[in-house]
Structures are given as C-alpha cells and as structure tokens.
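This is final-v4.csv. It holds CSV, C-alpha atoms.
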```
chain,number,residue,atom,x,y,z
A,28,MET,CA,-12.4,9.0,-19.2
A,29,SER,CA,-15.2,8.5,-21.6
A,30,GLY,CA,-18.8,8.8,-20.5
A,31,ASP,CA,-19.5,5.0,-20.5
A,32,PHE,CA,-19.2,2.9,-17.4
A,33,ALA,CA,-16.6,0.4,-18.5
A,34,PRO,CA,-15.1,-1.3,-15.5
A,35,ILE,CA,-11.8,0.0,-14.4
A,36,ASN,CA,-9.1,-2.0,-12.6
A,37,LEU,CA,-6.8,-0.1,-10.5
A,38,THR,CA,-4.8,-3.0,-9.1
A,39,HIS,CA,-1.1,-2.1,-8.9
A,40,HIS,CA,-1.9,1.6,-9.1
A,41,PHE,CA,-1.5,4.5,-6.7
A,42,LEU,CA,-4.4,6.5,-5.4
A,43,ILE,CA,-3.2,10.0,-4.6
A,44,ALA,CA,-5.5,12.0,-2.3
A,45,MET,CA,-6.6,15.3,-3.7
A,46,PRO,CA,-6.2,18.3,-1.4
A,47,GLY,CA,-10.0,18.5,-1.0
A,48,LEU,CA,-10.1,15.0,0.6
A,49,GLU,CA,-10.6,15.9,4.2
A,50,ASP,CA,-11.1,12.4,5.7
A,51,ALA,CA,-8.3,12.3,8.4
A,52,ALA,CA,-7.3,8.8,7.6
A,53,PHE,CA,-6.7,9.6,3.9
A,54,ALA,CA,-5.7,13.3,3.8
A,55,ARG,CA,-2.5,13.7,1.7
A,56,SER,CA,-2.2,9.9,1.4
A,57,VAL,CA,-0.8,7.6,-1.3
A,58,VAL,CA,-2.6,4.2,-1.3
A,59,TYR,CA,-1.1,1.2,-3.1
A,60,VAL,CA,-4.1,-0.7,-4.5
A,61,CYS,CA,-3.5,-4.5,-4.0
A,62,GLU,CA,-6.8,-5.6,-5.4
A,63,HIS,CA,-9.7,-4.0,-7.3
A,64,ASN,CA,-12.6,-5.7,-8.9
A,65,GLU,CA,-16.4,-5.5,-9.0
A,66,ARG,CA,-16.6,-6.4,-5.3
A,67,GLY,CA,-14.5,-3.4,-4.3
A,68,ALA,CA,-10.9,-2.5,-3.6
A,69,LEU,CA,-8.3,-3.1,-1.0
A,70,GLY,CA,-5.1,-1.2,-0.5
A,71,LEU,CA,-2.4,0.0,1.9
A,72,ILE,CA,-1.4,3.6,2.6
A,73,ILE,CA,2.3,3.8,2.0
A,74,ASN,CA,3.2,7.2,3.3
A,75,LYS,CA,1.7,7.4,6.9
A,76,PRO,CA,4.1,5.9,9.4
A,77,SER,CA,2.8,5.1,12.8
A,78,ASP,CA,4.8,5.9,16.0
A,79,ILE,CA,6.3,2.4,16.2
A,80,ASN,CA,9.1,0.8,14.3
A,81,LEU,CA,9.7,-2.8,13.2
A,82,LYS,CA,11.9,-3.6,16.2
A,83,PHE,CA,9.1,-2.7,18.5
A,84,LEU,CA,6.6,-4.7,16.5
A,85,PHE,CA,8.9,-7.8,16.6
A,86,ASP,CA,9.4,-7.4,20.3
A,87,LYS,CA,5.6,-7.4,20.7
A,88,VAL,CA,5.2,-10.7,18.8
A,89,GLU,CA,8.2,-12.1,20.7
A,90,LEU,CA,10.5,-12.6,17.7
A,91,PRO,CA,14.0,-11.3,17.2
A,92,LEU,CA,14.5,-9.1,14.1
A,93,GLY,CA,17.5,-10.5,12.3
A,94,ARG,CA,17.6,-7.8,9.7
A,95,SER,CA,19.6,-4.8,10.9
A,96,ASP,CA,18.4,-2.9,7.8
A,97,LEU,CA,14.9,-3.0,9.0
A,98,LEU,CA,15.2,-2.3,12.8
A,99,LEU,CA,14.2,1.4,12.5
A,100,SER,CA,11.8,1.1,9.6
A,101,PRO,CA,8.4,2.5,10.6
A,102,VAL,CA,5.3,0.4,10.8
A,103,PHE,CA,2.8,2.1,8.6
A,104,GLN,CA,-0.9,3.0,9.2
A,105,GLY,CA,-2.2,1.1,6.2
A,106,GLY,CA,-5.8,2.2,6.6
A,107,PRO,CA,-8.7,2.3,9.0
A,108,VAL,CA,-9.8,-1.3,8.7
A,109,GLN,CA,-8.5,-4.1,11.0
A,110,VAL,CA,-5.9,-1.7,12.6
A,111,ASP,CA,-4.7,-4.5,15.0
A,112,ARG,CA,-3.8,-6.8,12.1
A,113,GLY,CA,-0.4,-6.8,10.3
A,114,PHE,CA,0.0,-6.7,6.5
A,115,VAL,CA,3.4,-7.2,4.8
A,116,LEU,CA,3.8,-5.8,1.3
A,117,HIS,CA,6.9,-7.3,-0.2
A,118,GLU,CA,8.8,-8.4,-3.3
A,119,PRO,CA,7.8,-11.7,-4.7
A,120,THR,CA,9.2,-14.8,-3.1
A,121,PHE,CA,8.2,-17.7,-5.3
A,122,ALA,CA,8.6,-21.2,-4.0
A,123,GLN,CA,11.4,-22.9,-6.0
A,124,SER,CA,9.6,-26.1,-6.8
A,125,GLU,CA,6.1,-24.9,-7.2
A,126,LYS,CA,4.2,-23.1,-10.0
A,127,PRO,CA,5.5,-19.5,-10.4
A,128,ALA,CA,2.4,-17.7,-9.0
A,129,GLU,CA,2.7,-19.4,-5.6
A,130,SER,CA,4.3,-17.6,-2.7
A,131,VAL,CA,6.4,-19.4,0.0
A,132,TYR,CA,4.2,-17.9,2.7
A,133,ALA,CA,0.9,-19.3,3.9
A,134,SER,CA,-1.5,-16.4,3.5
A,135,THR,CA,-0.3,-14.4,0.5
A,136,MET,CA,-2.0,-12.6,-2.3
A,137,CYS,CA,0.0,-12.2,-5.4
A,138,ILE,CA,-0.6,-8.8,-7.0
A,139,PRO,CA,-0.5,-8.6,-10.8
A,140,GLY,CA,2.4,-6.2,-11.3
A,141,GLY,CA,4.9,-8.1,-9.2
A,142,LEU,CA,4.3,-7.6,-5.5
A,143,GLU,CA,2.8,-9.8,-2.8
A,144,ILE,CA,0.9,-9.0,0.4
A,145,THR,CA,1.2,-11.5,3.2
A,146,THR,CA,-0.8,-11.7,6.5
A,147,SER,CA,0.6,-14.8,8.0
A,148,LYS,CA,3.2,-14.8,10.7
A,149,ASP,CA,5.6,-17.0,8.7
A,150,VAL,CA,6.9,-13.9,6.8
A,151,LEU,CA,7.8,-12.3,10.1
A,152,GLU,CA,9.5,-15.5,11.2
A,153,ALA,CA,11.6,-15.5,8.0
A,154,LEU,CA,12.6,-11.8,8.7
A,155,SER,CA,13.5,-12.7,12.3
A,156,THR,CA,16.1,-15.2,11.0
A,157,GLY,CA,17.7,-12.6,8.8
A,158,ALA,CA,16.0,-14.0,5.7
A,159,GLY,CA,12.7,-13.1,4.1
A,160,PRO,CA,12.0,-10.6,1.3
A,161,ARG,CA,14.6,-8.0,0.8
A,162,LYS,CA,12.1,-5.1,0.4
A,163,VAL,CA,9.2,-5.0,2.7
A,164,LEU,CA,6.6,-2.5,4.0
A,165,VAL,CA,4.8,-3.5,7.1
A,166,SER,CA,1.5,-1.9,8.0
A,167,LEU,CA,-1.2,-2.3,10.6
A,168,GLY,CA,-4.6,-2.0,9.1
A,169,TYR,CA,-5.7,-1.6,5.5
A,170,SER,CA,-7.9,0.5,3.3
A,171,ALA,CA,-11.1,-0.9,1.7
A,172,TRP,CA,-13.9,0.2,-0.5
A,173,GLY,CA,-17.1,-1.6,-1.3
A,174,GLY,CA,-18.3,-2.4,-4.8
A,175,GLY,CA,-18.5,0.8,-6.8
A,176,GLN,CA,-17.4,3.0,-3.8
A,177,LEU,CA,-14.0,3.8,-5.2
A,178,GLU,CA,-15.4,4.5,-8.6
A,179,SER,CA,-17.8,7.0,-7.0
A,180,GLU,CA,-14.9,8.7,-5.1
A,181,LEU,CA,-13.0,8.9,-8.4
A,182,GLY,CA,-16.0,10.6,-9.9
A,183,ASP,CA,-16.0,13.1,-7.1
A,184,ASN,CA,-12.3,13.9,-7.9
A,185,SER,CA,-11.2,12.7,-4.4
A,186,TRP,CA,-8.3,10.8,-5.9
A,187,LEU,CA,-5.8,10.9,-8.8
A,188,THR,CA,-4.6,7.5,-10.1
A,189,VAL,CA,-1.3,6.4,-11.7
A,190,ASP,CA,0.5,3.2,-12.4
A,191,ALA,CA,2.4,2.2,-9.2
A,192,ASP,CA,6.1,2.6,-9.1
A,193,ILE,CA,7.7,0.1,-6.7
A,194,ALA,CA,10.6,2.5,-6.1
A,195,VAL,CA,8.2,5.0,-4.5
A,196,ILE,CA,7.0,2.3,-2.1
A,197,PHE,CA,10.4,0.9,-1.0
A,198,ASP,CA,13.1,3.4,-1.8
A,199,ALA,CA,11.6,6.9,-1.6
A,200,PRO,CA,11.9,8.6,1.8
A,201,VAL,CA,8.5,8.5,3.5
A,202,GLU,CA,8.1,12.3,3.6
A,203,GLN,CA,8.7,12.4,-0.2
A,204,ARG,CA,6.3,9.7,-1.3
A,205,TYR,CA,3.3,11.9,-1.9
A,206,ASP,CA,5.3,14.3,-4.1
A,207,ARG,CA,7.0,11.4,-5.9
A,208,ALA,CA,3.7,9.8,-6.7
A,209,LEU,CA,2.4,13.1,-8.0
A,210,ALA,CA,5.5,13.5,-10.1
A,211,LEU,CA,4.6,10.2,-11.9
A,212,LEU,CA,1.7,12.3,-13.4
A,213,GLY,CA,4.0,15.3,-14.1
A,214,LEU,CA,2.3,17.2,-11.3
A,215,GLN,CA,3.3,19.1,-8.2
A,216,VAL,CA,1.2,19.9,-5.1
A,217,TRP,CA,0.8,23.6,-6.0
A,218,MET,CA,-0.9,22.6,-9.3
A,219,LEU,CA,-3.8,20.9,-7.4
A,220,SER,CA,-6.8,23.0,-6.5
A,221,PRO,CA,-8.5,22.1,-3.2
A,222,GLN,CA,-11.7,23.1,-5.0
A,223,ALA,CA,-11.4,20.3,-7.6
A,224,GLY,CA,-14.7,18.5,-8.1
A,225,HIS,CA,-16.7,21.3,-6.5
A,226,GLY,CA,-17.0,23.6,-9.4
```

The structure given in the file should be rewritten as structure tokens.
Amino acid sequence: MSGDFAPINLTHHFLIAMPGLEDAAFARSVVYVCEHNERGALGLIINKPSDINLKFLFDKVELPLGRSDLLLSPVFQGGPVQVDRGFVLHEPTFAQSEKPAESVYASTMCIPGGLEITTSKDVLEALSTGAGPRKVLVSLGYSAWGGGQLESELGDNSWLTVDADIAVIFDAPVEQRYDRALALLGLQVWMLSPQAGHG
C-alpha cells in the first residue's frame, strides 16, 4: 500500500487473522466482509463452528428442516456482536418480477460480489419447506468494526486480506478454510511470523 490514506473497500474480501492476533474470538479466523465503508465494517467468521447444528437450531425456532443436506451443517460463531441473533449468508435469490438487486427475503443485504446476508426468519421458513438458497452458511452473531478501526488493525498487521472465494465459504471443509484462504495469497501457515508488525 502507498503512504496515502485513500479509502479502501474490503467488501467481499476475506480477512485472515495473522498468528499474532490473540483476541480469542478472532484467533486463526477467516472473516467474510459483508460491508465496509467509512462508517466501519461488518463481517461473519466462516471457520468457527459452534457446538450446535442446523437441525438443533431449527428445532429451537420450531421449524422442521426440509433439507437433508443441511441437517448436520454446523451453526457458525459469526463474531462477538449480537450472538443470540441469526445471520444467513447465502447465494442470491432474486425475486423474479422485481429489479435484479432485490432479494426475495424481507431483511436482506445484497453484497457486491454476489452473495446476500439475511436476518429475517423467512429464509429459515423457506429452508424448512425444502426450498431456499442452495448454499447457505448460518451464524449466530457477527463481527463489526467502527469507522477507521479495521484500517487501524490492518496497519498493525493483524489481518491479511484477499478477494473472497465463494468456494471457500460453502465448499471447503471447515477445518481447511483458514489454509485455503491463505492459499489464495500463495501463502502457507508456516510462512507467517507471529512477530509480524512488532519489529
């Protein structure tokens, strides 16, 4: 990066935690950035499963889960903010008759780069009937940074950044997502010094 302070936009990027990042919530995490602007950033950790699966979650909200492919999928710990609230990251589901950038679900943010994040129960209701988006990642909680906070952490070498690869989110085994995200940069874990940023 050059020395100027041109704004950066990391929407639809991965943040990959450097080994020196010791915050328990973020150690060895890969965060998918859903939104990043001058007000701050919002993202979901995609490689920290909780101890519950989607069948358990659907039982809790009293919905059947009509998708056998998702029954044992883990619910992820998306971050330390609003950990009792569900967030569904999924493929786009444009309403047929409406303008393209409008989701079929009530509370959805369309992410430039092709994914959507939905917080309304209607996406769970769609999944319960066996419909809904084909590829989903469900998390409780999210990660957030105030204006300039993420930029400051990047300056401290807390994170590596790379364009997001949707296959890492939905197709890579959970335990491989950190390594797969690093591989997008041509890196492996052993190449990273825990001392980065402290020299």

Dump as a tab-separated table the rows for residues of range 33-114 of chain A within 8 Å of range 156-174 of chain A: closest atom pair and distance in Å with one decimal, all atoms listed in the file counted, ordered by chain and rising residue number.
```
residue	atom	partner	partner_atom	distance
A:Val58	CA	A:Ser170	CA	7.9
A:Asn64	CA	A:Gly174	CA	7.8
A:Glu65	CA	A:Gly174	CA	5.6
A:Arg66	CA	A:Gly174	CA	4.4
A:Gly67	CA	A:Gly174	CA	4.0
A:Ala68	CA	A:Trp172	CA	5.1
A:Leu69	CA	A:Ala171	CA	4.5
A:Gly70	CA	A:Ser170	CA	5.0
A:Leu71	CA	A:Tyr169	CA	5.1
A:Ile72	CA	A:Ser170	CA	7.2
A:Ile73	CA	A:Leu164	CA	7.9
A:Leu81	CA	A:Val165	CA	7.9
A:Pro91	CA	A:Thr156	CA	7.6
A:Leu92	CA	A:Thr156	CA	7.0
A:Gly93	CA	A:Gly157	CA	4.1
A:Arg94	CA	A:Gly157	CA	4.9
A:Pro101	CA	A:Val165	CA	7.8
A:Val102	CA	A:Ser166	CA	5.3
A:Phe103	CA	A:Ser166	CA	4.2
A:Gln104	CA	A:Leu167	CA	5.5
A:Gly105	CA	A:Tyr169	CA	4.5
A:Gly106	CA	A:Tyr169	CA	4.0
A:Pro107	CA	A:Gly168	CA	5.9
A:Val108	CA	A:Tyr169	CA	5.2
A:Gln109	CA	A:Gly168	CA	4.8
A:Val110	CA	A:Gly168	CA	3.7
A:Asp111	CA	A:Leu167	CA	6.0
A:Arg112	CA	A:Leu167	CA	5.4
A:Gly113	CA	A:Leu167	CA	4.6
A:Phe114	CA	A:Ser166	CA	5.2
```

(Q) Every residue with an atom at most 12 Å from (-0.3, -12.6, -0.3) (file coordinates; only C-alpha atoms) is what I'm after, so could you write them as a PyMOL selection string? (A) chain A and resi 61-62+114-121+128-139+141-150

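In this structure, CA of Glu49 in chain A sits 14.3 Å away from CA of Leu219 in chain A.
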
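In this structure, CA of Pro76 in chain A sits 20.6 Å away from CA of His39 in chain A.
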
Within 10 Å of range 200-211 of chain A: each range 159-195 of chain A residue with its shortest pair, only C-alpha atoms, as a Markdown table:
```
| residue | atom | partner | partner_atom | distance |
| --- | --- | --- | --- | --- |
| A:Leu187 | CA | A:Leu209 | CA | 8.5 |
| A:Thr188 | CA | A:Leu209 | CA | 9.2 |
| A:Val189 | CA | A:Leu211 | CA | 7.0 |
| A:Asp190 | CA | A:Leu211 | CA | 8.1 |
| A:Ala191 | CA | A:Ala208 | CA | 8.1 |
| A:Asp192 | CA | A:Ala208 | CA | 8.0 |
| A:Ala194 | CA | A:Arg207 | CA | 9.6 |
| A:Val195 | CA | A:Arg204 | CA | 6.0 |
```

Could you dump the residues just selected with C-alpha atoms as a PDB file, in the frame of the given file?
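Written output follows (part.pdb):
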```pdb
ATOM      1  CA  LEU A 187      -5.800  10.900  -8.800  1.00  0.00           C
ATOM      2  CA  THR A 188      -4.600   7.500 -10.100  1.00  0.00           C
ATOM      3  CA  VAL A 189      -1.300   6.400 -11.700  1.00  0.00           C
ATOM      4  CA  ASP A 190       0.500   3.200 -12.400  1.00  0.00           C
ATOM      5  CA  ALA A 191       2.400   2.200  -9.200  1.00  0.00           C
ATOM      6  CA  ASP A 192       6.100   2.600  -9.100  1.00  0.00           C
ATOM      7  CA  ALA A 194      10.600   2.500  -6.100  1.00  0.00           C
ATOM      8  CA  VAL A 195       8.200   5.000  -4.500  1.00  0.00           C
TER       9      VAL A 195
END
```

Q) So how far away is CA of Phe85 in chain A from CA of Leu151 in chain A, in Å? A)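 Atom-to-atom, CA of Leu151 in chain A and CA of Phe85 in chain A are spaced 8.0 Å apart.
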